[in-house]
file upload-v1.pdb (PDB, C-alpha atoms and all ligand atoms)
ATOM      1  CA  MET Z  22      15.233   2.537  22.003
ATOM      2  CA  LYS Z  23      14.559   4.775  18.975
ATOM      3  CA  SER Z  24      10.837   4.652  19.544
ATOM      4  CA  HIS Z  25      11.259   5.428  23.280
ATOM      5  CA  ILE Z  26      13.432   8.451  22.574
ATOM      6  CA  LEU Z  27      11.012   9.659  19.915
ATOM      7  CA  THR Z  28       7.994   9.178  22.192
ATOM      8  CA  LEU Z  29       9.655  11.309  24.852
ATOM      9  CA  LEU Z  30      10.731  13.979  22.370
ATOM     10  CA  LYS Z  31       7.286  14.044  20.740
ATOM     11  CA  SER Z  32       5.583  14.450  24.136
ATOM     12  CA  GLN Z  33       7.435  17.746  24.723
ATOM     13  CA  GLU Z  34       7.366  20.825  22.554
ATOM     14  CA  ASP Z  35      10.286  22.100  24.570
ATOM     15  CA  VAL Z  36      13.816  20.806  25.002
ATOM     16  CA  VAL Z  37      14.198  17.446  26.780
ATOM     17  CA  SER Z  38      17.442  17.230  28.708
ATOM     18  CA  GLY Z  39      19.935  14.432  28.163
ATOM     19  CA  GLU Z  40      19.578  13.639  31.868
ATOM     20  CA  ILE Z  41      15.801  13.103  31.643
ATOM     21  CA  LEU Z  42      16.278  10.855  28.606
ATOM     22  CA  SER Z  43      19.060   8.816  30.169
ATOM     23  CA  ASP Z  44      17.067   8.372  33.424
ATOM     24  CA  ALA Z  45      13.887   7.375  31.585
ATOM     25  CA  LEU Z  46      15.671   4.949  29.292
ATOM     26  CA  LYS Z  47      18.145   3.711  31.910
ATOM     27  CA  THR Z  48      21.169   4.270  29.740
ATOM     28  CA  SER Z  49      24.142   6.625  29.644
ATOM     29  CA  ARG Z  50      24.002  10.122  28.165
ATOM     30  CA  VAL Z  51      26.632   9.093  25.635
ATOM     31  CA  SER Z  52      24.403   6.283  24.444
ATOM     32  CA  ILE Z  53      21.461   8.730  24.174
ATOM     33  CA  TRP Z  54      23.640  11.048  22.112
ATOM     34  CA  LYS Z  55      24.583   8.176  19.777
ATOM     35  CA  HIS Z  56      20.927   7.276  19.266
ATOM     36  CA  ILE Z  57      20.087  10.905  18.560
ATOM     37  CA  ARG Z  58      22.839  10.962  15.909
ATOM     38  CA  LYS Z  59      21.335   7.820  14.330
ATOM     39  CA  LEU Z  60      17.877   9.402  14.290
ATOM     40  CA  GLN Z  61      19.324  12.514  12.644
ATOM     41  CA  ASP Z  62      20.943  10.290  10.000
ATOM     42  CA  LEU Z  63      17.527   8.706   9.380
ATOM     43  CA  GLY Z  64      16.047  12.131   8.602
ATOM     44  CA  TYR Z  65      14.749  13.305  11.992
ATOM     45  CA  GLN Z  66      15.441  16.974  12.549
ATOM     46  CA  ILE Z  67      16.535  17.171  16.169
ATOM     47  CA  ASP Z  68      18.100  20.282  17.669
ATOM     48  CA  SER Z  69      20.775  19.520  20.180
ATOM     49  CA  SER Z  70      22.102  22.134  22.584
ATOM     50  CA  ALA Z  71      23.644  22.326  26.044
ATOM     51  CA  LYS Z  72      20.054  22.182  27.446
ATOM     52  CA  GLY Z  73      19.192  18.943  25.657
ATOM     53  CA  TYR Z  74      17.307  17.813  22.572
ATOM     54  CA  ARG Z  75      14.246  19.107  20.737
ATOM     55  CA  LEU Z  76      12.409  17.331  17.912
ATOM     56  CA  ILE Z  77      11.754  19.836  15.121
ATOM     57  CA  ASN Z  78      10.500  17.538  12.380
ATOM     58  CA  SER Z  79      10.010  13.842  11.600
ATOM     59  CA  PRO Z  80      10.558  12.530   8.060
ATOM     60  CA  ASP Z  81       7.547  11.213   6.142
ATOM     61  CA  ILE Z  82       8.903   7.675   6.171
ATOM     62  CA  PRO Z  83       6.962   4.653   7.473
ATOM     63  CA  TYR Z  84       9.758   3.317   9.656
ATOM     64  CA  PRO Z  85       8.572   0.396  11.854
ATOM     65  CA  TRP Z  86       8.691   2.493  15.041
ATOM     66  CA  GLU Z  87       6.397   5.080  13.403
ATOM     67  CA  MET Z  88       3.693   2.447  12.763
ATOM     68  CA  ILE Z  89       2.454   2.112  16.323
ATOM     69  CA  GLY Z  90       1.159  -1.347  17.213
ATOM     70  CA  ARG Z  91       2.651  -2.888  14.046
ATOM     71  CA  GLU Z  92       6.361  -2.329  14.710
ATOM     72  CA  ASP Z  93       7.245  -6.042  14.561
ATOM     73  CA  ARG Z  94       5.553  -6.615  11.231
ATOM     74  CA  ILE Z  95       6.846  -3.596   9.303
ATOM     75  CA  HIS Z  96       9.949  -3.900   7.108
ATOM     76  CA  TYR Z  97      11.057  -0.635   5.531
ATOM     77  CA  TYR Z  98      13.847  -0.274   2.946
ATOM     78  CA  PRO Z  99      14.798   3.063   1.351
ATOM     79  CA  GLU Z 100      15.533   1.225  -1.908
ATOM     80  CA  MET Z 101      15.060  -2.322  -3.071
ATOM     81  CA  SER Z 102      14.450  -4.411  -6.161
ATOM     82  CA  SER Z 103      10.774  -5.207  -5.591
ATOM     83  CA  THR Z 104       8.788  -5.497  -2.372
ATOM     84  CA  MET Z 105       7.175  -8.606  -3.913
ATOM     85  CA  ASP Z 106      10.460 -10.560  -3.779
ATOM     86  CA  THR Z 107      11.295  -9.725  -0.162
ATOM     87  CA  ALA Z 108       7.693 -10.347   0.927
ATOM     88  CA  CYS Z 109       7.833 -13.767  -0.752
ATOM     89  CA  GLU Z 110      11.059 -14.654   1.092
ATOM     90  CA  LEU Z 111       9.550 -13.567   4.426
ATOM     91  CA  ALA Z 112       6.324 -15.469   3.705
ATOM     92  CA  ARG Z 113       8.246 -18.671   2.926
ATOM     93  CA  LYS Z 114      10.143 -18.275   6.190
ATOM     94  CA  GLY Z 115       6.808 -18.194   8.032
ATOM     95  CA  CYS Z 116       6.329 -14.496   8.905
ATOM     96  CA  PRO Z 117       2.914 -13.635  10.409
ATOM     97  CA  SER Z 118      -0.071 -12.411   8.422
ATOM     98  CA  MET Z 119      -0.156  -8.605   7.920
ATOM     99  CA  THR Z 120       3.630  -8.447   7.603
ATOM    100  CA  VAL Z 121       4.262  -5.420   5.392
ATOM    101  CA  VAL Z 122       7.341  -4.764   3.232
ATOM    102  CA  ILE Z 123       7.697  -1.131   2.152
ATOM    103  CA  ALA Z 124      10.181   0.482  -0.231
ATOM    104  CA  GLY Z 125      11.092   4.145  -0.636
ATOM    105  CA  ARG Z 126      11.751   3.305  -4.279
ATOM    106  CA  GLN Z 127      11.994   0.105  -6.300
ATOM    107  CA  LEU Z 128      14.561  -0.673  -8.960
ATOM    108  CA  ASN Z 129      12.511  -3.484 -10.503
ATOM    109  CA  GLY Z 130       8.918  -2.661  -9.581
ATOM    110  CA  ARG Z 131       6.582  -5.172 -11.201
ATOM    111  CA  GLY Z 132       3.119  -4.599 -12.623
ATOM    112  CA  ARG Z 133       0.424  -6.967 -13.829
ATOM    113  CA  MET Z 134       0.740  -8.849 -17.124
ATOM    114  CA  ASP Z 135       4.564  -8.721 -16.966
ATOM    115  CA  ARG Z 136       4.725  -4.929 -17.067
ATOM    116  CA  LYS Z 137       7.095  -2.743 -15.116
ATOM    117  CA  TRP Z 138       5.803  -0.453 -12.372
ATOM    118  CA  LEU Z 139       7.521   2.935 -12.247
ATOM    119  CA  SER Z 140       8.706   3.287  -8.681
ATOM    120  CA  ASP Z 141      10.371   6.669  -8.288
ATOM    121  CA  ILE Z 142      10.933   8.196  -4.906
ATOM    122  CA  GLY Z 143       7.782   9.853  -3.519
ATOM    123  CA  GLY Z 144       5.384   7.000  -4.266
ATOM    124  CA  LEU Z 145       4.043   4.411  -1.837
ATOM    125  CA  TYR Z 146       5.192   0.870  -2.683
ATOM    126  CA  PHE Z 147       4.370  -2.002  -0.373
ATOM    127  CA  THR Z 148       3.467  -5.669  -0.217
ATOM    128  CA  MET Z 149       1.372  -7.289   2.504
ATOM    129  CA  VAL Z 150       1.853 -10.950   3.373
ATOM    130  CA  LEU Z 151      -1.554 -12.442   4.166
ATOM    131  CA  ARG Z 152      -2.705 -15.836   5.325
ATOM    132  CA  PRO Z 153      -6.483 -15.750   4.899
ATOM    133  CA  ALA Z 154      -8.585 -18.724   5.940
ATOM    134  CA  ILE Z 155     -10.289 -19.107   2.571
ATOM    135  CA  SER Z 156     -10.118 -21.525  -0.327
ATOM    136  CA  PRO Z 157      -7.630 -20.626  -3.105
ATOM    137  CA  ALA Z 158     -10.610 -20.391  -5.470
ATOM    138  CA  LEU Z 159     -11.793 -17.309  -3.575
ATOM    139  CA  SER Z 160      -8.355 -15.699  -3.318
ATOM    140  CA  ALA Z 161      -9.296 -12.796  -5.612
ATOM    141  CA  MET Z 162     -11.548 -11.527  -2.830
ATOM    142  CA  VAL Z 163      -8.415 -10.477  -0.930
ATOM    143  CA  ASN Z 164      -7.560  -8.094  -3.788
ATOM    144  CA  PHE Z 165     -11.128  -6.857  -3.887
ATOM    145  CA  ALA Z 166     -11.000  -6.151  -0.135
ATOM    146  CA  ALA Z 167      -7.717  -4.315  -0.641
ATOM    147  CA  SER Z 168      -8.997  -2.125  -3.481
ATOM    148  CA  LEU Z 169     -12.181  -1.433  -1.515
ATOM    149  CA  SER Z 170     -10.102  -0.397   1.525
ATOM    150  CA  LEU Z 171      -7.843   1.806  -0.572
ATOM    151  CA  VAL Z 172     -10.673   3.578  -2.376
ATOM    152  CA  ARG Z 173     -12.351   4.280   0.960
ATOM    153  CA  THR Z 174      -9.104   5.474   2.542
ATOM    154  CA  ILE Z 175      -8.496   7.925  -0.295
ATOM    155  CA  ARG Z 176     -12.062   9.190  -0.272
ATOM    156  CA  ASP Z 177     -12.092   9.593   3.529
ATOM    157  CA  LEU Z 178      -8.703  11.250   3.871
ATOM    158  CA  TYR Z 179      -8.693  13.571   0.864
ATOM    159  CA  ASP Z 180     -12.270  13.758  -0.376
ATOM    160  CA  ILE Z 181     -11.126  12.574  -3.809
ATOM    161  CA  LYS Z 182     -13.765  10.644  -5.758
ATOM    162  CA  ALA Z 183     -11.552   7.691  -6.637
ATOM    163  CA  GLN Z 184     -13.183   4.746  -8.404
ATOM    164  CA  ILE Z 185     -12.192   1.156  -9.081
ATOM    165  CA  ARG Z 186     -11.565  -0.247 -12.533
ATOM    166  CA  TRP Z 187     -11.874  -4.021 -12.651
ATOM    167  CA  PRO Z 188     -10.108  -5.801 -11.209
ATOM    168  CA  ASN Z 189      -8.254  -3.529  -8.761
ATOM    169  CA  ASP Z 190      -6.944  -0.302 -10.311
ATOM    170  CA  LEU Z 191      -7.863   2.988  -8.715
ATOM    171  CA  LEU Z 192      -8.751   5.726 -11.175
ATOM    172  CA  VAL Z 193      -9.456   9.396 -10.683
ATOM    173  CA  ASN Z 194     -10.975  11.239 -13.649
ATOM    174  CA  GLY Z 195     -10.081   8.226 -15.793
ATOM    175  CA  LYS Z 196      -6.380   8.308 -14.835
ATOM    176  CA  LYS Z 197      -4.600   5.623 -12.861
ATOM    177  CA  LEU Z 198      -3.700   6.492  -9.279
ATOM    178  CA  SER Z 199      -2.796   3.034  -8.031
ATOM    179  CA  GLY Z 200      -2.360  -0.568  -9.091
ATOM    180  CA  MET Z 201      -2.306  -3.916  -7.348
ATOM    181  CA  LEU Z 202      -0.492  -7.160  -7.962
ATOM    182  CA  SER Z 203      -0.988 -10.442  -6.135
ATOM    183  CA  GLU Z 204       1.050 -13.618  -5.824
ATOM    184  CA  MET Z 205      -0.225 -16.709  -4.064
ATOM    185  CA  GLU Z 206       1.206 -19.998  -2.893
ATOM    186  CA  ALA Z 207      -1.150 -22.792  -1.883
ATOM    187  CA  SER Z 208      -0.863 -26.441  -1.064
ATOM    188  CA  SER Z 209      -3.849 -28.668  -1.857
ATOM    189  CA  ASP Z 210      -6.819 -26.573  -0.823
ATOM    190  CA  ILE Z 211      -5.087 -24.245   1.648
ATOM    191  CA  ILE Z 212      -3.546 -20.868   0.954
ATOM    192  CA  THR Z 213      -0.094 -20.753   2.541
ATOM    193  CA  HIS Z 214       0.238 -17.089   1.712
ATOM    194  CA  ILE Z 215      -1.112 -14.494  -0.640
ATOM    195  CA  ASN Z 216       0.974 -11.377  -1.114
ATOM    196  CA  ILE Z 217      -0.745  -8.208  -2.235
ATOM    197  CA  GLY Z 218       1.544  -5.547  -3.684
ATOM    198  CA  ILE Z 219       0.204  -2.039  -3.988
ATOM    199  CA  GLY Z 220       1.706   0.965  -5.710
ATOM    200  CA  VAL Z 221       0.171   4.394  -5.160
ATOM    201  CA  ASN Z 222       1.332   7.534  -6.943
ATOM    202  CA  VAL Z 223       1.611   9.919  -4.018
ATOM    203  CA  ASN Z 224       4.254  12.653  -4.325
ATOM    204  CA  ASN Z 225       5.904  11.218  -7.442
ATOM    205  CA  ASP Z 226       4.973  12.313 -10.939
ATOM    206  CA  PRO Z 227       4.385   9.273 -13.182
ATOM    207  CA  SER Z 228       2.605  11.309 -15.892
ATOM    208  CA  LYS Z 229       5.727  12.097 -17.963
ATOM    209  CA  ARG Z 230       6.271   8.444 -18.792
ATOM    210  CA  GLU Z 231       2.672   7.289 -18.277
ATOM    211  CA  PRO Z 232       0.274   9.920 -19.646
ATOM    212  CA  ASN Z 233      -2.699   7.971 -18.301
ATOM    213  CA  ALA Z 234      -1.440   8.092 -14.730
ATOM    214  CA  THR Z 235      -2.070  10.651 -12.022
ATOM    215  CA  SER Z 236      -0.812  11.258  -8.477
ATOM    216  CA  LEU Z 237      -2.171  12.568  -5.195
ATOM    217  CA  LYS Z 238       0.246  15.483  -5.453
ATOM    218  CA  PHE Z 239      -1.256  16.505  -8.792
ATOM    219  CA  LEU Z 240      -4.845  15.979  -7.618
ATOM    220  CA  ARG Z 241      -4.420  17.805  -4.305
ATOM    221  CA  GLY Z 242      -1.867  20.416  -5.346
ATOM    222  CA  GLN Z 243       0.191  19.622  -2.269
ATOM    223  CA  GLU Z 244       2.429  16.970  -0.726
ATOM    224  CA  THR Z 245       0.613  14.054   0.901
ATOM    225  CA  SER Z 246       1.835  12.132   3.948
ATOM    226  CA  ILE Z 247       2.812   8.597   2.967
ATOM    227  CA  LYS Z 248       2.891   7.618   6.651
ATOM    228  CA  GLN Z 249      -0.702   8.720   7.215
ATOM    229  CA  LEU Z 250      -1.967   7.115   4.000
ATOM    230  CA  LEU Z 251      -0.375   3.756   4.797
ATOM    231  CA  THR Z 252      -1.466   3.803   8.456
ATOM    232  CA  ARG Z 253      -5.097   4.514   7.544
ATOM    233  CA  PHE Z 254      -5.093   1.949   4.748
ATOM    234  CA  LEU Z 255      -3.759  -0.803   7.036
ATOM    235  CA  GLU Z 256      -6.380   0.050   9.690
ATOM    236  CA  MET Z 257      -9.115  -0.064   7.055
ATOM    237  CA  PHE Z 258      -7.902  -3.320   5.501
ATOM    238  CA  GLU Z 259      -6.957  -5.354   8.585
ATOM    239  CA  PRO Z 260     -10.526  -6.474   9.487
ATOM    240  CA  PHE Z 261     -10.753  -8.124   6.035
ATOM    241  CA  SER Z 262      -7.393  -9.842   6.205
ATOM    242  CA  GLN Z 263      -8.491 -13.138   7.804
ATOM    243  CA  ASN Z 264     -11.666 -13.662   5.854
ATOM    244  CA  PRO Z 265     -12.365 -11.179   3.074
ATOM    245  CA  THR Z 266     -15.474 -13.081   2.010
ATOM    246  CA  ASP Z 267     -17.177 -12.473   5.370
ATOM    247  CA  HIS Z 268     -17.874  -8.779   5.066
ATOM    248  CA  GLY Z 269     -19.936  -8.409   1.903
ATOM    249  CA  VAL Z 270     -16.808  -7.114   0.193
ATOM    250  CA  LEU Z 271     -18.064  -7.637  -3.349
ATOM    251  CA  LYS Z 272     -21.330  -5.801  -2.728
ATOM    252  CA  GLN Z 273     -19.465  -2.833  -1.300
ATOM    253  CA  TRP Z 274     -16.769  -2.986  -4.003
ATOM    254  CA  LYS Z 275     -19.450  -2.683  -6.704
ATOM    255  CA  LYS Z 276     -20.529   0.696  -5.289
ATOM    256  CA  TYR Z 277     -17.177   2.148  -6.345
ATOM    257  CA  ALA Z 278     -16.718   0.173  -9.561
ATOM    258  CA  VAL Z 279     -16.516   2.366 -12.636
ATOM    259  CA  THR Z 280     -16.337  -0.639 -14.979
ATOM    260  CA  LEU Z 281     -19.829  -2.047 -14.487
ATOM    261  CA  GLY Z 282     -22.339  -0.989 -17.130
ATOM    262  CA  ARG Z 283     -19.544   0.124 -19.512
ATOM    263  CA  ASP Z 284     -18.422  -1.180 -22.889
ATOM    264  CA  VAL Z 285     -14.976  -2.611 -22.322
ATOM    265  CA  LYS Z 286     -12.135  -4.350 -24.078
ATOM    266  CA  ILE Z 287     -10.361  -7.027 -22.049
ATOM    267  CA  THR Z 288      -6.882  -8.106 -23.059
ATOM    268  CA  THR Z 289      -5.741 -11.448 -21.705
ATOM    269  CA  ILE Z 290      -2.534 -13.280 -22.543
ATOM    270  CA  HIS Z 291      -4.392 -15.236 -25.249
ATOM    271  CA  GLU Z 292      -7.145 -12.990 -26.601
ATOM    272  CA  GLU Z 293      -8.996  -9.696 -26.745
ATOM    273  CA  ILE Z 294     -12.661  -9.637 -25.828
ATOM    274  CA  GLU Z 295     -15.092  -6.777 -26.277
ATOM    275  CA  GLY Z 296     -18.438  -6.528 -24.590
ATOM    276  CA  ARG Z 297     -20.547  -4.775 -21.968
ATOM    277  CA  ALA Z 298     -19.384  -5.364 -18.360
ATOM    278  CA  VAL Z 299     -22.541  -6.437 -16.568
ATOM    279  CA  ASP Z 300     -21.402  -7.924 -13.253
ATOM    280  CA  VAL Z 301     -18.601  -9.407 -11.160
ATOM    281  CA  GLY Z 302     -18.991 -12.972  -9.858
ATOM    282  CA  GLU Z 303     -18.014 -14.392  -6.452
ATOM    283  CA  HIS Z 304     -14.545 -15.397  -7.656
ATOM    284  CA  GLY Z 305     -13.869 -11.891  -8.918
ATOM    285  CA  GLU Z 306     -14.537 -12.738 -12.549
ATOM    286  CA  LEU Z 307     -15.884 -10.013 -14.826
ATOM    287  CA  ILE Z 308     -19.082 -11.027 -16.577
ATOM    288  CA  LEU Z 309     -19.427  -9.615 -20.071
ATOM    289  CA  LYS Z 310     -22.400  -9.502 -22.380
ATOM    290  CA  LEU Z 311     -21.099  -9.927 -25.911
ATOM    291  CA  ALA Z 312     -22.483  -8.388 -29.114
ATOM    292  CA  ASN Z 313     -24.026 -11.745 -30.115
ATOM    293  CA  GLY Z 314     -26.076 -11.790 -26.887
ATOM    294  CA  SER Z 315     -24.042 -14.491 -25.108
ATOM    295  CA  THR Z 316     -22.258 -13.962 -21.786
ATOM    296  CA  LYS Z 317     -18.613 -14.629 -21.045
ATOM    297  CA  SER Z 318     -16.643 -14.566 -17.786
ATOM    298  CA  VAL Z 319     -13.051 -13.362 -17.617
ATOM    299  CA  ILE Z 320     -10.936 -14.057 -14.562
ATOM    300  CA  TYR Z 321      -7.723 -12.196 -15.425
ATOM    301  CA  GLY Z 322      -6.776  -9.477 -17.857
ATOM    302  CA  ASP Z 323      -6.361  -5.792 -18.523
ATOM    303  CA  CYS Z 324      -9.522  -3.802 -18.802
ATOM    304  CA  PHE Z 325      -9.933  -0.792 -21.102
ATOM    305  CA  HIS Z 326     -13.038   1.323 -20.898
ATOM    306  CA  GLN Z 327     -14.311   2.095 -24.408
TER     307      GLN Z 327
HETATM  308  C1  LIG A   1      -0.415  -2.960 -11.915
HETATM  309  O1  LIG A   1      -1.326  -2.132 -11.934
HETATM  310  O2  LIG A   1       0.100  -3.376 -12.963
HETATM  311  C2  LIG A   1       0.058  -3.467 -10.571
HETATM  312  C3  LIG A   1       1.126  -2.616  -9.993
HETATM  313  C4  LIG A   1       1.628  -3.104  -8.645
HETATM  314  C5  LIG A   1       2.808  -2.313  -8.156
HETATM  315  C6  LIG A   1       3.201  -2.671  -6.753
HETATM  316  S1  LIG A   1       4.348  -1.522  -6.069
HETATM  317  C7  LIG A   1       4.598  -2.552  -4.711
HETATM  318  C8  LIG A   1       4.644  -3.967  -5.247
HETATM  319  N1  LIG A   1       5.990  -4.294  -5.683
HETATM  320  C9  LIG A   1       6.054  -4.481  -7.002
HETATM  321  O3  LIG A   1       7.086  -4.771  -7.627
HETATM  322  N2  LIG A   1       4.848  -4.326  -7.541
HETATM  323  C10 LIG A   1       3.839  -4.018  -6.550
END

call {"tool": "encode", "arguments": {"input": "upload-v1.pdb", "output": "structure tokens"}}
result
Amino acid sequence: MKSHILTLLKSQEDVVSGEILSDALKTSRVSIWKHIRKLQDLGYQIDSSAKGYRLINSPDIPYPWEMIGREDRIHYYPEMSSTMDTACELARKGCPSMTVVIAGRQLNGRGRMDRKWLSDIGGLYFTMVLRPAISPALSAMVNFAASLSLVRTIRDLYDIKAQIRWPNDLLVNGKKLSGMLSEMEASSDIITHINIGIGVNVNNDPSKREPNATSLKFLRGQETSIKQLLTRFLEMFEPFSQNPTDHGVLKQWKKYAVTLGRDVKITTIHEEIEGRAVDVGEHGELILKLANGSTKSVIYGDCFHQ
């Protein structure tokens, strides 16, 4: 009902009468009025007068009915603990691939390596539930496809020269714009689900608490539409979602990788390794050339450019 009313209001710059709405939606004018009140409570600016209703402004919130063609797979919450937890519950209940859980803000946003992810209002925080037809050994390619899609989305939409730091951080001028976290469940050799959580600093300002972070608002000097960013990202990513190894993802990812060819320090849970990052292998592992001339592969860790 909400999406029908909004479609009709959006199709007219002028006032749409209560009568036209109630005829089109086959419901009473009182029921239309109640729905309009609900939309106003959700942040839609709708003028109501004796002549009818006029949509003045829509909030920049990715409500399901705003994500045309994906309505059934979008779950939006103004505030929640972490999108990772809700996405995991939905995945275990059997939700379809490309189900997306979005939060306006998170109270317990999680980062990689047991860190917290600052999740103030104004950022984009979401987790996609995916069910790719690939072996668990290749699961990292899903993250690589996601960081490739995000870097392209940001370059296309805003002409910002974002780059990727291994494995999946987006940096602009050396500062972190977005991060990615993944959680997988598999049985024997089949992925039941892999959830990719992405946090993008959009209109929030993380730099006070994280000096090495930046945001689209800072980079562009203006507010950025979260709805548009998410819509374009999902369009860009969806073709990779079933089989991210099919599309030459790694080759394309390397074009945007700022890590390759650099001296880096990798911190894993057990050790710190320094070396020159020379390549990324088919499982997403970073291949390092060490000072003693040997090579070493690292599959998981934090990467610092020296
Ligand atoms: C990192 O760079 O450490 C990864 C950050 C991932 C943050 C996102 S925000 C949406 C999703 N929900 C979470 O709790 N974390 C991820």

call {"tool": "residues_near_ligand", "arguments": {"input": "upload-v1.pdb", "ligand": "ligand LIG 1 (chain A)", "cutoff": "10 Å", "atoms": "all atoms listed in the file", "output": "NGL selection string"}}
result
:Z and (101-108 or 122-124 or 126-140 or 144-149 or 188-191 or 197-203 or 216-222 or 323)

call {"tool": "resolve_selection", "arguments": {"input": "upload-v1.pdb", "expression": "the PyMOL selection byres (((chain Z and resi 84) around 10) and not hetatm)", "output": "list in words"}}
result
Leu63, Pro80, Asp81, Ile82, Pro83, Pro85, Trp86, Glu87, Met88, Ile89, Glu92, Ile95, His96, Tyr97, Tyr98, Pro99, Ile123 and Lys248 of chain Z

call {"tool": "atom_distance", "arguments": {"input": "upload-v1.pdb", "atom1": "CA of Asp177 in chain Z", "atom2": "CA of Gln249 in chain Z"}}
result
12.0 Å

call {"tool": "atom_distance", "arguments": {"input": "upload-v1.pdb", "atom1": "CA of Lys196 in chain Z", "atom2": "CA of Asn233 in chain Z"}}
result
5.1 Å

call {"tool": "atom_distance", "arguments": {"input": "upload-v1.pdb", "atom1": "CA of Leu29 in chain Z", "atom2": "CA of Asp93 in chain Z"}}
result
20.3 Å

call {"tool": "resolve_selection", "arguments": {"input": "upload-v1.pdb", "expression": "the PyMOL selection byres (((chain Z and resi 272-274) around 9) and not hetatm)", "output": "PyMOL selection string"}}
result
chain Z and resi 165-166+168-169+185+268-271+275-278

call {"tool": "write_last_selection", "arguments": {"input": "upload-v1.pdb", "atoms": "C-alpha atoms", "output": "PDB file, in the frame of the given file"}}
result
ATOM      1  CA  PHE Z 165     -11.128  -6.857  -3.887  1.00  0.00           C
ATOM      2  CA  ALA Z 166     -11.000  -6.151  -0.135  1.00  0.00           C
ATOM      3  CA  SER Z 168      -8.997  -2.125  -3.481  1.00  0.00           C
ATOM      4  CA  LEU Z 169     -12.181  -1.433  -1.515  1.00  0.00           C
ATOM      5  CA  ILE Z 185     -12.192   1.156  -9.081  1.00  0.00           C
ATOM      6  CA  HIS Z 268     -17.874  -8.779   5.066  1.00  0.00           C
ATOM      7  CA  GLY Z 269     -19.936  -8.409   1.903  1.00  0.00           C
ATOM      8  CA  VAL Z 270     -16.808  -7.114   0.193  1.00  0.00           C
ATOM      9  CA  LEU Z 271     -18.064  -7.637  -3.349  1.00  0.00           C
ATOM     10  CA  LYS Z 275     -19.450  -2.683  -6.704  1.00  0.00           C
ATOM     11  CA  LYS Z 276     -20.529   0.696  -5.289  1.00  0.00           C
ATOM     12  CA  TYR Z 277     -17.177   2.148  -6.345  1.00  0.00           C
ATOM     13  CA  ALA Z 278     -16.718   0.173  -9.561  1.00  0.00           C
TER      14      ALA Z 278
END

call {"tool": "closest_residue", "arguments": {"input": "upload-v1.pdb", "among": "Z:Leu171, Z:Ile67, Z:Ile53, Z:Leu311", "to": "Val299 in chain Z", "atoms": "only C-alpha atoms"}}
result
Z:Leu311

call {"tool": "closest_residue", "arguments": {"input": "upload-v1.pdb", "among": "Z:Tyr321, Z:Leu251, Z:Gly90, Z:Asp141", "to": "Asn225 in chain Z", "atoms": "all atoms listed in the file"}}
result
Z:Asp141

call {"tool": "closest_residue", "arguments": {"input": "upload-v1.pdb", "among": "Z:Ile26, Z:Val285, Z:Met119, Z:Ile77", "to": "Gln327 in chain Z", "atoms": "only C-alpha atoms"}}
result
Z:Val285

call {"tool": "residues_around", "arguments": {"input": "upload-v1.pdb", "residues": "Arg152 in chain Z", "least_positions_apart": "5", "cutoff": "8 Å", "atoms": "only C-alpha atoms", "output": "VMD selection string"}}
result
chain Z and resid 117 to 118 212 to 215 262 to 263

call {"tool": "resolve_selection", "arguments": {"input": "upload-v1.pdb", "expression": "the PyMOL selection byres (((chain Z and resi 326) around 9) and not hetatm)", "output": "ChimeraX atom specification"}}
result
/Z:186,280,283-287,324-325,327

call {"tool": "axis_aligned_box", "arguments": {"input": "upload-v1.pdb", "around": "range 187-194 of chain Z", "padding_each_side": "3 Å", "output": "lines of an AutoDock Vina configuration file"}}
result
center_x = -9.4
center_y = 2.7
center_z = -11.2
size_x = 10.9
size_y = 23.0
size_z = 10.9

call {"tool": "closest_residue", "arguments": {"input": "upload-v1.pdb", "among": "Z:Asp62, Z:Asp44, Z:Glu244, Z:Glu303", "to": "Thr266 in chain Z", "atoms": "all atoms listed in the file"}}
result
Z:Glu303

call {"tool": "decode", "arguments": {"input": "upload-v1.pdb", "residues": "range 143-148 of chain Z", "atoms": "N, CA, C and O atoms", "output": "PDB file, in the first residue's frame"}}
result
ATOM      1  N   GLY Z 143      24.015   8.309   9.793  1.00  0.00           N
ATOM      2  CA  GLY Z 143      24.604   8.985   8.623  1.00  0.00           C
ATOM      3  C   GLY Z 143      25.482   8.062   7.784  1.00  0.00           C
ATOM      4  O   GLY Z 143      25.781   8.353   6.629  1.00  0.00           O
ATOM      5  N   GLY Z 144      25.905   6.930   8.385  1.00  0.00           N
ATOM      6  CA  GLY Z 144      26.707   5.984   7.609  1.00  0.00           C
ATOM      7  C   GLY Z 144      25.809   4.947   6.948  1.00  0.00           C
ATOM      8  O   GLY Z 144      24.602   4.877   7.230  1.00  0.00           O
ATOM      9  N   LEU Z 145      26.398   4.147   6.080  1.00  0.00           N
ATOM     10  CA  LEU Z 145      25.653   3.043   5.456  1.00  0.00           C
ATOM     11  C   LEU Z 145      26.178   1.742   6.056  1.00  0.00           C
ATOM     12  O   LEU Z 145      27.379   1.450   5.966  1.00  0.00           O
ATOM     13  N   TYR Z 146      25.283   0.987   6.697  1.00  0.00           N
ATOM     14  CA  TYR Z 146      25.662  -0.258   7.374  1.00  0.00           C
ATOM     15  C   TYR Z 146      24.730  -1.359   6.899  1.00  0.00           C
ATOM     16  O   TYR Z 146      23.510  -1.259   7.119  1.00  0.00           O
ATOM     17  N   PHE Z 147      25.272  -2.353   6.217  1.00  0.00           N
ATOM     18  CA  PHE Z 147      24.387  -3.414   5.738  1.00  0.00           C
ATOM     19  C   PHE Z 147      25.124  -4.739   5.624  1.00  0.00           C
ATOM     20  O   PHE Z 147      26.351  -4.779   5.528  1.00  0.00           O
ATOM     21  N   THR Z 148      24.325  -5.808   5.652  1.00  0.00           N
ATOM     22  CA  THR Z 148      24.870  -7.152   5.461  1.00  0.00           C
ATOM     23  C   THR Z 148      24.035  -7.867   4.406  1.00  0.00           C
ATOM     24  O   THR Z 148      22.802  -7.832   4.461  1.00  0.00           O
TER      25      THR Z 148
END
